[in-house]
file my_file-v7.txt (compact mmCIF, C-alpha atoms)
# COMPACT_ATOMS: atom_id res chain seq x y z
CA MET A 1 16.60 -4.11 3.34
CA SER A 2 19.00 -1.31 4.26
CA THR A 3 19.21 2.44 3.70
CA VAL A 4 22.34 4.10 2.38
CA ASP A 5 23.50 7.63 1.53
CA PRO A 6 26.30 7.72 -1.08
CA ALA A 7 28.05 10.44 0.93
CA ALA A 8 28.29 8.23 4.02
CA THR A 9 28.67 4.55 3.13
CA ALA A 10 30.20 1.71 5.11
CA ASP A 11 31.05 -1.90 4.43
CA LEU A 12 28.07 -4.24 4.38
CA GLU A 13 28.08 -7.78 5.70
CA VAL A 14 25.12 -10.16 5.73
CA PRO A 15 24.80 -13.98 5.89
CA ALA A 16 26.88 -15.62 3.16
CA ARG A 17 23.83 -17.26 1.52
CA PHE A 18 22.85 -13.91 -0.04
CA ASP A 19 24.46 -12.92 -3.34
CA THR A 20 22.71 -9.53 -3.64
CA ALA A 21 21.65 -6.75 -1.26
CA ARG A 22 18.87 -4.32 -2.09
CA LEU A 23 19.48 -0.85 -0.71
CA LEU A 24 17.25 2.21 -0.41
CA VAL A 25 19.34 5.19 -1.49
CA THR A 26 18.75 8.54 0.19
CA ASP A 27 20.10 11.97 -0.62
CA CYS A 28 20.07 14.44 2.27
CA GLY A 29 17.63 12.10 4.02
CA VAL A 30 15.19 11.92 1.07
CA PRO A 31 14.77 8.56 -0.74
CA VAL A 32 15.73 8.76 -4.42
CA GLY A 33 15.85 5.14 -5.58
CA GLN A 34 16.68 1.52 -4.90
CA VAL A 35 19.72 -0.40 -6.13
CA ASP A 36 20.93 -3.97 -6.00
CA VAL A 37 24.53 -4.43 -4.90
CA PRO A 38 26.32 -7.73 -5.66
CA LEU A 39 27.77 -9.55 -2.67
CA ARG A 40 30.75 -11.85 -2.36
CA GLN A 41 30.37 -14.25 0.52
CA GLY A 42 27.73 -11.90 1.88
CA ARG A 43 29.98 -8.83 1.77
CA ALA A 44 30.20 -5.58 -0.19
CA GLY A 45 32.74 -2.81 0.31
CA ALA A 46 31.88 0.83 0.97
CA ASP A 47 33.41 1.94 -2.33
CA GLU A 48 31.30 -0.49 -4.35
CA ILE A 49 28.14 0.50 -2.47
CA ALA A 50 28.85 4.20 -3.03
CA ARG A 51 29.49 3.63 -6.75
CA VAL A 52 26.21 1.76 -7.29
CA ALA A 53 24.20 4.12 -5.08
CA ALA A 54 25.52 7.13 -6.99
CA THR A 55 23.76 5.90 -10.14
CA VAL A 56 20.38 7.02 -8.79
CA VAL A 57 21.47 10.32 -7.23
CA GLY A 58 20.76 13.47 -9.24
CA VAL A 59 23.01 16.47 -9.77
CA GLU A 60 20.95 18.64 -7.43
CA PRO A 61 19.85 17.38 -4.01
CA PRO A 62 16.09 16.76 -3.72
CA ALA A 63 13.93 19.29 -1.93
CA GLU A 64 13.41 18.49 1.74
CA PRO A 65 9.73 17.54 2.20
CA PRO A 66 7.85 19.75 4.64
CA ARG A 67 7.31 18.39 8.11
CA SER A 68 4.75 19.24 10.74
CA ASP A 69 4.03 18.30 14.34
CA GLU A 70 0.32 19.04 13.98
CA PRO A 71 -1.58 16.30 15.84
CA MET A 72 -2.33 13.28 13.66
CA THR A 73 -4.05 9.92 14.12
CA VAL A 74 -2.71 6.60 12.82
CA VAL A 75 -5.21 3.75 12.49
CA VAL A 76 -4.03 0.13 12.53
CA ALA A 77 -6.91 -2.27 11.88
CA THR A 78 -6.03 -5.83 12.86
CA ARG A 79 -7.29 -9.25 13.81
CA GLY A 80 -5.39 -12.05 15.51
CA ARG A 81 -1.85 -10.79 14.82
CA ALA A 82 -0.69 -9.44 18.15
CA GLU A 83 3.03 -9.69 17.53
CA SER A 84 2.75 -7.88 14.21
CA VAL A 85 0.83 -5.14 16.00
CA ARG A 86 3.59 -4.86 18.60
CA ARG A 87 6.24 -4.37 15.90
CA CYS A 88 4.15 -1.88 13.90
CA VAL A 89 3.12 0.30 16.85
CA ALA A 90 6.67 0.34 18.23
CA ALA A 91 7.90 1.68 14.87
CA ILE A 92 5.26 4.43 14.85
CA LEU A 93 6.06 5.51 18.40
CA ALA A 94 9.78 5.56 17.56
CA GLY A 95 9.13 8.15 14.86
CA ASP A 96 9.95 11.84 15.09
CA HIS A 97 6.33 13.09 15.25
CA PRO A 98 5.58 14.05 18.88
CA ALA A 99 1.79 14.24 18.60
CA VAL A 100 0.66 11.01 16.97
CA THR A 101 -2.22 9.04 18.44
CA VAL A 102 -2.28 5.38 17.42
CA LEU A 103 -5.69 3.68 17.33
CA VAL A 104 -5.38 -0.11 17.22
CA VAL A 105 -8.78 -1.30 16.05
CA ASP A 106 -9.25 -4.97 16.91
CA ASN A 107 -11.87 -6.44 14.56
CA ASP A 108 -13.89 -9.33 15.98
CA PRO A 109 -10.86 -10.44 18.03
CA PRO A 110 -10.40 -14.17 18.62
CA ASP A 111 -8.64 -13.54 21.94
CA ASP A 112 -7.25 -10.79 24.21
CA ARG A 113 -3.64 -10.88 23.01
CA THR A 114 -3.84 -7.70 20.95
CA ARG A 115 -5.45 -5.83 23.85
CA ALA A 116 -2.60 -7.05 26.08
CA VAL A 117 0.00 -5.82 23.59
CA VAL A 118 -1.57 -2.35 23.43
CA THR A 119 -1.89 -2.18 27.21
CA GLY A 120 1.71 -3.27 27.52
CA PHE A 121 2.96 -0.14 25.81
CA GLY A 122 1.78 1.85 28.84
CA CYS A 123 1.48 4.92 26.66
CA ASP A 124 -1.44 7.34 26.42
CA ARG A 125 -0.60 7.87 22.74
CA VAL A 126 -1.81 4.32 21.97
CA ARG A 127 -5.47 3.36 22.32
CA TYR A 128 -7.14 -0.01 21.98
CA VAL A 129 -10.52 -0.01 20.21
CA HIS A 130 -12.68 -3.14 20.21
CA GLU A 131 -14.75 -3.43 17.03
CA PRO A 132 -17.22 -6.36 17.06
CA ARG A 133 -17.65 -6.46 13.27
CA ARG A 134 -15.03 -8.09 11.08
CA GLY A 135 -13.31 -6.48 8.10
CA ALA A 136 -10.40 -4.13 7.46
CA SER A 137 -12.74 -1.48 6.05
CA VAL A 138 -14.92 -1.71 9.14
CA GLY A 139 -11.85 -1.21 11.32
CA ARG A 140 -10.57 1.71 9.30
CA ASN A 141 -13.99 3.38 9.36
CA ARG A 142 -14.15 2.92 13.13
CA GLY A 143 -10.75 4.58 13.40
CA LEU A 144 -11.83 7.39 11.09
CA ALA A 145 -14.92 7.96 13.27
CA GLU A 146 -12.90 7.88 16.52
CA ALA A 147 -10.17 10.26 15.30
CA ARG A 148 -10.04 13.76 16.74
CA THR A 149 -7.44 15.16 14.38
CA GLY A 150 -7.64 16.80 10.97
CA VAL A 151 -5.52 14.10 9.30
CA VAL A 152 -5.80 10.33 9.67
CA ALA A 153 -3.18 7.91 8.36
CA PHE A 154 -3.73 4.20 7.84
CA THR A 155 -1.21 1.40 7.83
CA ASP A 156 -1.35 -2.38 8.19
CA ASP A 157 -0.16 -4.40 11.14
CA ASP A 158 2.57 -6.04 9.01
CA THR A 159 4.40 -2.76 8.29
CA GLU A 160 7.10 -0.72 10.00
CA PRO A 161 6.79 2.97 9.09
CA ASP A 162 9.95 5.01 8.61
CA LEU A 163 11.01 7.31 11.46
CA ARG A 164 9.92 10.41 9.51
CA TRP A 165 6.78 8.89 8.01
CA ALA A 166 4.19 10.61 10.20
CA SER A 167 5.86 14.04 10.33
CA ARG A 168 6.19 14.12 6.54
CA ILE A 169 2.56 13.11 6.05
CA ALA A 170 1.47 15.85 8.45
CA GLY A 171 3.77 18.29 6.67
CA ALA A 172 2.29 17.49 3.25
CA PHE A 173 -1.25 18.23 4.44
CA ALA A 174 -0.16 21.37 6.29
CA ALA A 175 1.62 22.70 3.19
CA ASP A 176 -1.23 21.97 0.76
CA PRO A 177 -4.77 22.89 1.93
CA GLN A 178 -6.22 21.36 -1.27
CA LEU A 179 -4.84 17.90 -0.52
CA THR A 180 -7.50 15.28 0.22
CA GLY A 181 -5.48 12.06 0.28
CA LEU A 182 -1.88 10.92 0.16
CA SER A 183 0.06 7.70 -0.29
CA GLY A 184 3.70 6.65 -0.37
CA PRO A 185 5.97 3.70 -1.15
CA VAL A 186 5.52 0.32 0.48
CA LEU A 187 8.95 -1.32 0.46
CA ALA A 188 9.94 -4.89 1.28
CA ALA A 189 11.21 -5.18 4.84
CA ARG A 190 12.86 -8.52 4.10
CA LEU A 191 13.74 -10.42 0.95
CA ASP A 192 15.00 -13.60 2.59
CA THR A 193 12.89 -16.15 0.72
CA PRO A 194 12.19 -16.59 -3.00
CA GLN A 195 8.51 -16.02 -2.22
CA GLU A 196 9.22 -12.65 -0.60
CA ARG A 197 11.26 -11.62 -3.62
CA ALA A 198 8.59 -12.83 -6.02
CA ALA A 199 5.91 -10.98 -4.05
CA ASP A 200 7.92 -7.78 -4.24
CA VAL A 201 7.87 -8.00 -8.04
CA ALA A 202 4.29 -9.18 -8.46
CA LEU A 203 2.70 -6.72 -6.03
CA ALA A 204 4.65 -3.70 -7.32
CA TRP A 205 3.73 -1.57 -4.30
CA ASN A 206 6.60 0.84 -4.80
CA LYS A 207 5.46 3.47 -7.30
CA GLY A 208 8.86 5.12 -7.64
CA PHE A 209 10.56 8.08 -6.03
CA VAL A 210 9.09 11.05 -7.90
CA PRO A 211 6.39 13.07 -6.08
CA ARG A 212 3.10 13.23 -7.98
CA ARG A 213 -0.32 14.84 -7.79
CA PHE A 214 -3.56 13.54 -9.24
CA ARG A 215 -6.75 15.39 -10.10
CA LEU A 216 -9.61 14.48 -12.42
CA ASP A 217 -9.25 17.79 -14.30
CA ASP A 218 -5.49 17.27 -14.75
CA PRO A 219 -5.02 13.63 -15.78
CA PRO A 220 -1.49 12.22 -15.92
CA SER A 221 -0.10 11.58 -19.40
CA ASP A 222 1.42 8.19 -18.59
CA THR A 223 -1.76 6.26 -17.73
CA PRO A 224 -4.64 6.22 -20.24
CA VAL A 225 -6.96 4.39 -17.81
CA PHE A 226 -6.87 7.20 -15.21
CA PRO A 227 -8.49 7.28 -12.71
CA PHE A 228 -9.30 3.55 -12.81
CA SER A 229 -5.74 2.21 -12.87
CA PRO A 230 -5.30 -0.33 -10.02
CA GLY A 231 -2.52 0.72 -7.71
CA LEU A 232 -1.77 4.01 -9.46
CA PHE A 233 -2.40 6.01 -6.29
CA GLY A 234 -0.89 3.58 -3.78
CA ILE A 235 -2.38 1.09 -1.33
CA GLY A 236 -4.00 1.02 2.09
CA ALA A 237 -0.80 -0.03 3.86
CA ASN A 238 0.44 3.55 3.42
CA LEU A 239 -2.47 5.92 3.05
CA ALA A 240 -3.60 9.17 4.69
CA VAL A 241 -6.68 11.33 4.28
CA ARG A 242 -8.01 14.64 5.46
CA THR A 243 -10.59 13.61 8.05
CA GLY A 244 -13.52 15.84 7.14
CA PRO A 245 -13.64 15.12 3.39
CA ALA A 246 -13.09 11.40 3.93
CA ARG A 247 -15.99 11.25 6.38
CA GLY A 248 -18.10 13.28 3.97
CA LEU A 249 -17.50 10.68 1.26
CA GLY A 250 -18.62 7.91 3.59
CA GLY A 251 -15.23 6.39 4.38
CA PHE A 252 -14.26 2.96 3.14
CA ASP A 253 -16.74 0.64 1.43
CA GLU A 254 -17.27 -2.12 4.01
CA ALA A 255 -18.26 -4.61 1.31
CA LEU A 256 -14.65 -4.52 0.09
CA GLY A 257 -11.37 -5.51 1.67
CA PRO A 258 -9.79 -8.18 3.89
CA GLY A 259 -12.18 -9.86 6.28
CA ARG A 260 -14.96 -9.86 3.68
CA PRO A 261 -15.52 -12.35 0.82
CA THR A 262 -14.22 -9.75 -1.66
CA ARG A 263 -10.87 -9.70 0.22
CA GLY A 264 -9.50 -6.51 -1.35
CA GLY A 265 -10.19 -3.42 -3.45
CA GLU A 266 -11.17 -1.12 -0.57
CA ASP A 267 -8.16 1.17 -0.91
CA ILE A 268 -8.44 1.44 -4.70
CA GLU A 269 -12.11 2.27 -4.42
CA LEU A 270 -11.73 5.05 -1.85
CA LEU A 271 -8.89 6.73 -3.74
CA VAL A 272 -10.77 6.58 -7.04
CA ARG A 273 -13.85 7.94 -5.29
CA ILE A 274 -11.83 10.90 -3.97
CA VAL A 275 -10.62 11.72 -7.49
CA LEU A 276 -14.10 11.34 -9.02
CA ASP A 277 -15.41 13.73 -6.36
CA GLY A 278 -12.92 16.37 -7.48
CA GLY A 279 -10.39 15.85 -4.70
CA THR A 280 -6.62 15.99 -4.94
CA LEU A 281 -4.35 13.03 -4.26
CA ALA A 282 -0.59 13.08 -3.82
CA TYR A 283 2.14 10.47 -3.89
CA LEU A 284 4.96 11.31 -1.48
CA PRO A 285 8.03 9.05 -1.85
CA ALA A 286 9.59 10.48 1.32
CA ALA A 287 6.78 8.97 3.45
CA TYR A 288 7.49 5.25 3.16
CA VAL A 289 6.84 2.12 5.15
CA TRP A 290 8.54 -1.27 5.25
CA HIS A 291 6.24 -4.24 4.60
CA HIS A 292 6.79 -7.84 5.67
CA HIS A 293 5.80 -9.85 2.58
CA ARG A 294 4.33 -13.35 2.74
CA PRO A 295 7.23 -15.79 3.20
CA SER A 296 5.68 -19.00 1.80
CA ASP A 297 4.05 -20.30 -1.39
CA ASP A 298 0.65 -20.84 0.23
CA GLU A 299 0.56 -17.38 1.78
CA LEU A 300 1.63 -15.67 -1.44
CA ARG A 301 -0.86 -17.67 -3.50
CA ASP A 302 -3.65 -16.76 -1.07
CA GLN A 303 -2.66 -13.09 -1.13
CA LEU A 304 -2.64 -12.89 -4.92
CA SER A 305 -6.01 -14.65 -5.09
CA GLY A 306 -7.42 -12.13 -2.66
CA TYR A 307 -6.17 -9.19 -4.67
CA ALA A 308 -7.69 -10.66 -7.83
CA LEU A 309 -11.07 -10.96 -6.12
CA GLY A 310 -10.78 -7.43 -4.78
CA LEU A 311 -9.96 -6.02 -8.19
CA GLY A 312 -12.91 -7.85 -9.71
CA ALA A 313 -15.20 -6.56 -6.94
CA PHE A 314 -13.99 -3.00 -7.48
CA LEU A 315 -14.58 -3.25 -11.24
CA GLY A 316 -18.03 -4.64 -10.49
CA LYS A 317 -18.79 -1.54 -8.43
CA VAL A 318 -17.56 0.64 -11.29
CA ALA A 319 -19.91 -1.17 -13.68
CA MET A 320 -22.86 -0.61 -11.32
CA ASP A 321 -22.34 3.17 -11.16
CA PRO A 322 -23.75 4.95 -14.27
CA ARG A 323 -21.33 7.89 -14.25
CA ALA A 324 -18.27 5.80 -13.43
CA ARG A 325 -19.31 3.22 -16.02
CA ARG A 326 -19.44 5.85 -18.77
CA LEU A 327 -15.98 7.13 -17.85
CA ALA A 328 -14.59 3.60 -17.66
CA MET A 329 -15.96 2.47 -21.02
CA ARG A 330 -14.00 5.21 -22.77
CA ARG A 331 -10.88 3.67 -21.32
CA PHE A 332 -11.77 0.04 -21.98
CA PRO A 333 -9.08 -0.78 -24.61
CA ALA A 334 -6.35 0.73 -22.43
CA ALA A 335 -7.72 -1.15 -19.41
CA ILE A 336 -7.41 -4.48 -21.24
CA ALA A 337 -3.79 -3.70 -22.06
CA ARG A 338 -3.13 -2.77 -18.43
CA LEU A 339 -4.72 -6.01 -17.22
CA ARG A 340 -2.50 -8.03 -19.53
CA GLU A 341 0.52 -6.24 -18.09
CA ILE A 342 -0.54 -7.13 -14.53
CA VAL A 343 -1.10 -10.78 -15.48
CA ARG A 344 2.32 -10.94 -17.14
CA ARG A 345 3.97 -9.51 -14.03
CA GLU A 346 2.21 -11.91 -11.68
CA SER A 347 2.98 -14.83 -14.00
CA ALA A 348 6.68 -14.00 -14.25
CA GLY A 349 7.67 -17.43 -12.97
CA ARG A 350 6.55 -20.80 -11.72
CA PRO A 351 7.77 -22.74 -8.74
CA GLY A 352 11.06 -24.43 -9.29
CA GLU A 353 13.76 -26.10 -7.33
CA GLY A 354 17.08 -24.55 -6.46
CA ALA A 355 18.00 -20.90 -6.35
CA PRO A 356 15.58 -18.52 -8.09
CA ARG A 357 16.78 -17.09 -11.36
CA SER A 358 16.69 -13.38 -12.07
CA ARG A 359 16.91 -11.02 -15.00
CA PRO A 360 17.51 -7.26 -15.27
CA ASP A 361 14.46 -5.13 -14.65
CA PRO A 362 13.67 -3.35 -17.95
CA GLY A 363 11.31 -0.86 -16.37
CA PRO A 364 12.00 2.88 -16.37
CA GLY A 365 12.90 5.08 -13.43
CA PRO A 366 15.44 4.98 -10.64
CA VAL A 367 14.35 1.67 -9.13
CA HIS A 368 17.21 -0.62 -10.10
CA ARG A 369 16.43 -4.16 -9.02
CA ARG A 370 16.35 -7.76 -10.10
CA VAL A 371 13.17 -9.53 -11.11
CA GLU A 372 12.53 -13.01 -9.73
CA THR A 373 11.47 -15.54 -12.34
CA GLY A 374 11.53 -18.81 -10.43
CA ALA A 375 9.52 -18.44 -7.22
CA MET A 376 6.02 -17.28 -8.19
CA PRO A 377 3.34 -19.89 -7.40
CA GLY A 378 1.95 -21.37 -10.60
CA GLY A 379 -1.43 -20.45 -12.05
CA ALA A 380 -1.24 -16.69 -11.40
CA ALA A 381 -2.97 -15.82 -14.66
CA GLY A 382 -5.80 -18.26 -13.98
CA ARG A 383 -6.30 -16.91 -10.47
CA LYS A 384 -6.42 -13.37 -11.78
CA LEU A 385 -9.03 -14.19 -14.39
CA ARG A 386 -11.15 -16.23 -11.98
CA GLY A 387 -11.00 -13.42 -9.45
CA LEU A 388 -12.00 -10.82 -12.00
CA ALA A 389 -14.94 -12.99 -13.08
CA SER A 390 -16.25 -13.82 -9.61
CA GLY A 391 -15.44 -10.52 -7.88
CA PRO A 392 -18.47 -8.56 -9.15
CA VAL A 393 -20.94 -11.22 -7.97
CA LEU A 394 -19.21 -11.40 -4.59
CA TYR A 395 -19.43 -7.62 -4.28
CA VAL A 396 -23.19 -7.59 -4.89
CA ARG A 397 -23.76 -10.32 -2.31
CA THR A 398 -21.43 -8.79 0.25
CA ARG A 399 -22.95 -5.34 -0.17
CA GLN A 400 -26.38 -6.76 0.62
CA GLN A 401 -24.98 -8.37 3.75
CA VAL A 402 -23.19 -5.20 4.87
CA ARG A 403 -26.28 -3.07 4.37
CA ALA A 404 -28.33 -5.57 6.36
CA GLU A 405 -25.81 -5.11 9.18
CA GLY A 406 -26.13 -1.34 8.97
CA GLY A 407 -22.64 -0.95 7.50
CA ALA A 408 -21.31 1.61 5.01
CA CYS A 409 -21.34 1.07 1.24
CA PRO A 410 -21.07 4.61 -0.15
CA PRO A 411 -21.69 5.17 -3.87
CA LEU A 412 -18.67 5.54 -6.12
CA THR A 413 -19.97 8.84 -7.48
CA ALA A 414 -22.37 11.26 -5.85
CA PRO A 415 -25.75 11.64 -7.55
CA ARG A 416 -25.84 14.80 -9.63
CA ALA A 417 -28.52 17.34 -8.87
CA ARG A 418 -31.21 17.71 -11.50
CA PRO A 419 -31.32 21.09 -13.26

call {"tool": "encode", "arguments": {"input": "my_file-v7.txt", "output": "structure tokens"}}
result
Amino acid sequence: MSTVDPAATADLEVPARFDTARLLVTDCGVPVGQVDVPLRQGRAGADEIARVAATVVGVEPPAEPPRSDEPMTVVVATRGRAESVRRCVAAILAGDHPAVTVLVVDNDPPDDRTRAVVTGFGCDRVRYVHEPRRGASVGRNRGLAEARTGVVAFTDDDTEPDLRWASRIAGAFAADPQLTGLSGPVLAARLDTPQERAADVALAWNKGFVPRRFRLDDPPSDTPVFPFSPGLFGIGANLAVRTGPARGLGGFDEALGPGRPTRGGEDIELLVRIVLDGGTLAYLPAAYVWHHHRPSDDELRDQLSGYALGLGAFLGKVAMDPRARRLAMRRFPAAIARLREIVRRESAGRPGEGAPRSRPDPGPGPVHRRVETGAMPGGAAGRKLRGLASGPVLYVRTRQQVRAEGGACPPLTAPRARP
């Protein structure tokens, strides 16, 4: 992936095996869309790049997002991926925010390699935190508890945040005292393999380049299942919260997420809980991270299975909460339609030999890209349905285990006081 501004383009040259380049288009430093540029022998001229990039640039330049150098904490929960941690932390430290503290929370580490990586930075802005309990939610909660700043951002060890990611997150919270949580785009760092390209389509982690706000008393018109739409608000790989309110809500549900049998759903659940509590969420396209997708069939299949389980576990928690259940049942027909859409997207193709085929993306908005139809591991629909069916039972069992350990499983909605 590359970034380009139509006002300052240059020739592009990549290995000849690629016939298309995906570019992030910026206008005055603000991302406004993605485009696919055709390549000939791995090359595209500056004029062609400028012409294609101009298709997603508006007449008026976008407003410059506010920035702030107010101290901020970034939490990276990890386990057994020292080299990924090295790459992620280096990207955060290379950013333009001068007062970021990075907490690398090592969950039930299998060895000392991650500690050695953190120590190797030799920087007092990076701290190693040993957490004996396993689970991404456990690690994020430990980071939330350790933070000494008013805003905490979370990212995964397989991301590389943009240079202005942290300063723009801090700026959004400084400019809007009502803001409780914030997310932004998660863009593919590489699209070398058919599996990476298929994952980029199936996961759909980029929610576009238009800033948005979400509140329960001001529901968006384009999603009838609000606030229970999976992925509407973003994902945990690019998420920030105001520290006090997030602690007050109990943090992440430790029965959900990677490292637990449920394997996902922890980010969806926290963001929905914030909205149900009356908080305000924002989506800030200018605060983006690059994500290294799974490069093989087995890894992609495992990832999609995990997300299916996590979604089922989250829906099981919704069903167990009386207030949330009432709200969700009103949206049941729309939810079924949304589920079918997700299954169709994840079932866009089956494994095949040779180069993956592609078709134009019919979706709206300024994200112009090609959709892979030949690299998705088979059986996506079946995995989704099995995950949805088994997720609720897994959540109940895992919640019992977490509570026995003394972990956090906060309710989805706060009990209402009796009159």

call {"tool": "closest_residue", "arguments": {"input": "my_file-v7.txt", "among": "A:Thr101, A:Thr223, A:Gln41, A:Thr243", "to": "Leu144 (chain A)", "atoms": "all atoms listed in the file"}}
result
A:Thr243

call {"tool": "residues_around", "arguments": {"input": "my_file-v7.txt", "residues": "Val396 (chain A)", "least_positions_apart": "6", "cutoff": "10 Å", "atoms": "all atoms listed in the file", "output": "ChimeraX atom specification"}}
result
/A:255,262,313,316-317,320

call {"tool": "closest_residue", "arguments": {"input": "my_file-v7.txt", "among": "A:Gly231, A:Gly143, A:Gly312, A:Gly135", "to": "Val74 (chain A)", "atoms": "only C-alpha atoms"}}
result
A:Gly143

call {"tool": "closest_atom_pairs", "arguments": {"input": "my_file-v7.txt", "of": "region 9-52 of chain A", "to": "region 183-205 of chain A", "cutoff": "12 Å", "atoms": "all atoms listed in the file", "output": "CSV"}}
result
residue,atom,partner,partner_atom,distance
A:Val14,CA,A:Asp192,CA,11.1
A:Pro15,CA,A:Asp192,CA,10.3
A:Arg17,CA,A:Asp192,CA,9.6
A:Phe18,CA,A:Asp192,CA,8.3
A:Asp19,CA,A:Asp192,CA,11.2
A:Thr20,CA,A:Leu191,CA,10.1
A:Ala21,CA,A:Leu191,CA,9.0
A:Arg22,CA,A:Leu191,CA,8.5
A:Leu23,CA,A:Ala188,CA,10.5
A:Leu24,CA,A:Leu187,CA,9.1
A:Pro31,CA,A:Pro185,CA,10.1
A:Val32,CA,A:Pro185,CA,11.5
A:Gly33,CA,A:Pro185,CA,10.9
A:Gln34,CA,A:Leu187,CA,9.8
A:Asp36,CA,A:Leu191,CA,11.9

call {"tool": "atom_distance", "arguments": {"input": "my_file-v7.txt", "atom1": "CA of Val117 (chain A)", "atom2": "CA of Leu163 (chain A)"}}
result
21.0 Å

call {"tool": "atom_distance", "arguments": {"input": "my_file-v7.txt", "atom1": "CA of Val102 (chain A)", "atom2": "CA of Ile169 (chain A)"}}
result
14.6 Å

call {"tool": "residues_around", "arguments": {"input": "my_file-v7.txt", "residues": "His97 (chain A)", "least_positions_apart": "5", "cutoff": "10 Å", "atoms": "only C-alpha atoms", "output": "NGL selection string"}}
result
:A and (67-72 or 92 or 163-170)

call {"tool": "build_atoms", "arguments": {"input": "my_file-v7.txt", "residues": "region 398-415 of chain A", "atoms": "N, CA and C atoms", "output": "CSV table (one decimal), in the frame of the given file"}}
result
chain,number,residue,atom,x,y,z
A,398,THR,N,-22.0,-9.3,-1.0
A,398,THR,CA,-21.4,-8.8,0.2
A,398,THR,C,-22.0,-7.4,0.6
A,399,ARG,N,-22.3,-6.6,-0.4
A,399,ARG,CA,-23.0,-5.3,-0.2
A,399,ARG,C,-24.3,-5.5,0.5
A,400,GLN,N,-25.1,-6.5,0.0
A,400,GLN,CA,-26.4,-6.8,0.6
A,400,GLN,C,-26.2,-7.1,2.1
A,401,GLN,N,-25.2,-8.0,2.4
A,401,GLN,CA,-25.0,-8.4,3.8
A,401,GLN,C,-24.6,-7.2,4.6
A,402,VAL,N,-23.7,-6.3,4.1
A,402,VAL,CA,-23.2,-5.2,4.9
A,402,VAL,C,-24.3,-4.2,5.2
A,403,ARG,N,-25.2,-4.0,4.2
A,403,ARG,CA,-26.3,-3.1,4.4
A,403,ARG,C,-27.3,-3.6,5.4
A,404,ALA,N,-27.4,-5.0,5.4
A,404,ALA,CA,-28.3,-5.6,6.4
A,404,ALA,C,-27.8,-5.4,7.8
A,405,GLU,N,-26.4,-5.3,7.9
A,405,GLU,CA,-25.8,-5.1,9.2
A,405,GLU,C,-25.8,-3.6,9.6
A,406,GLY,N,-26.2,-2.8,8.7
A,406,GLY,CA,-26.1,-1.3,9.0
A,406,GLY,C,-24.8,-0.7,8.6
A,407,GLY,N,-24.0,-1.4,7.8
A,407,GLY,CA,-22.6,-1.0,7.5
A,407,GLY,C,-22.7,0.0,6.4
A,408,ALA,N,-21.5,0.6,6.0
A,408,ALA,CA,-21.3,1.6,5.0
A,408,ALA,C,-20.9,1.1,3.7
A,409,CYS,N,-21.7,1.4,2.6
A,409,CYS,CA,-21.3,1.1,1.2
A,409,CYS,C,-21.6,2.3,0.4
A,410,PRO,N,-20.8,3.4,0.5
A,410,PRO,CA,-21.1,4.6,-0.2
A,410,PRO,C,-21.0,4.5,-1.7
A,411,PRO,N,-21.8,5.3,-2.4
A,411,PRO,CA,-21.7,5.2,-3.9
A,411,PRO,C,-20.3,5.7,-4.4
A,412,LEU,N,-19.9,5.1,-5.5
A,412,LEU,CA,-18.7,5.5,-6.1
A,412,LEU,C,-18.7,7.0,-6.6
A,413,THR,N,-19.8,7.4,-7.1
A,413,THR,CA,-20.0,8.8,-7.5
A,413,THR,C,-21.2,9.4,-6.9
A,414,ALA,N,-21.2,10.6,-6.5
A,414,ALA,CA,-22.4,11.3,-5.8
A,414,ALA,C,-23.4,11.5,-6.9
A,415,PRO,N,-24.7,11.3,-6.6
A,415,PRO,CA,-25.8,11.6,-7.6
A,415,PRO,C,-25.7,13.1,-7.9
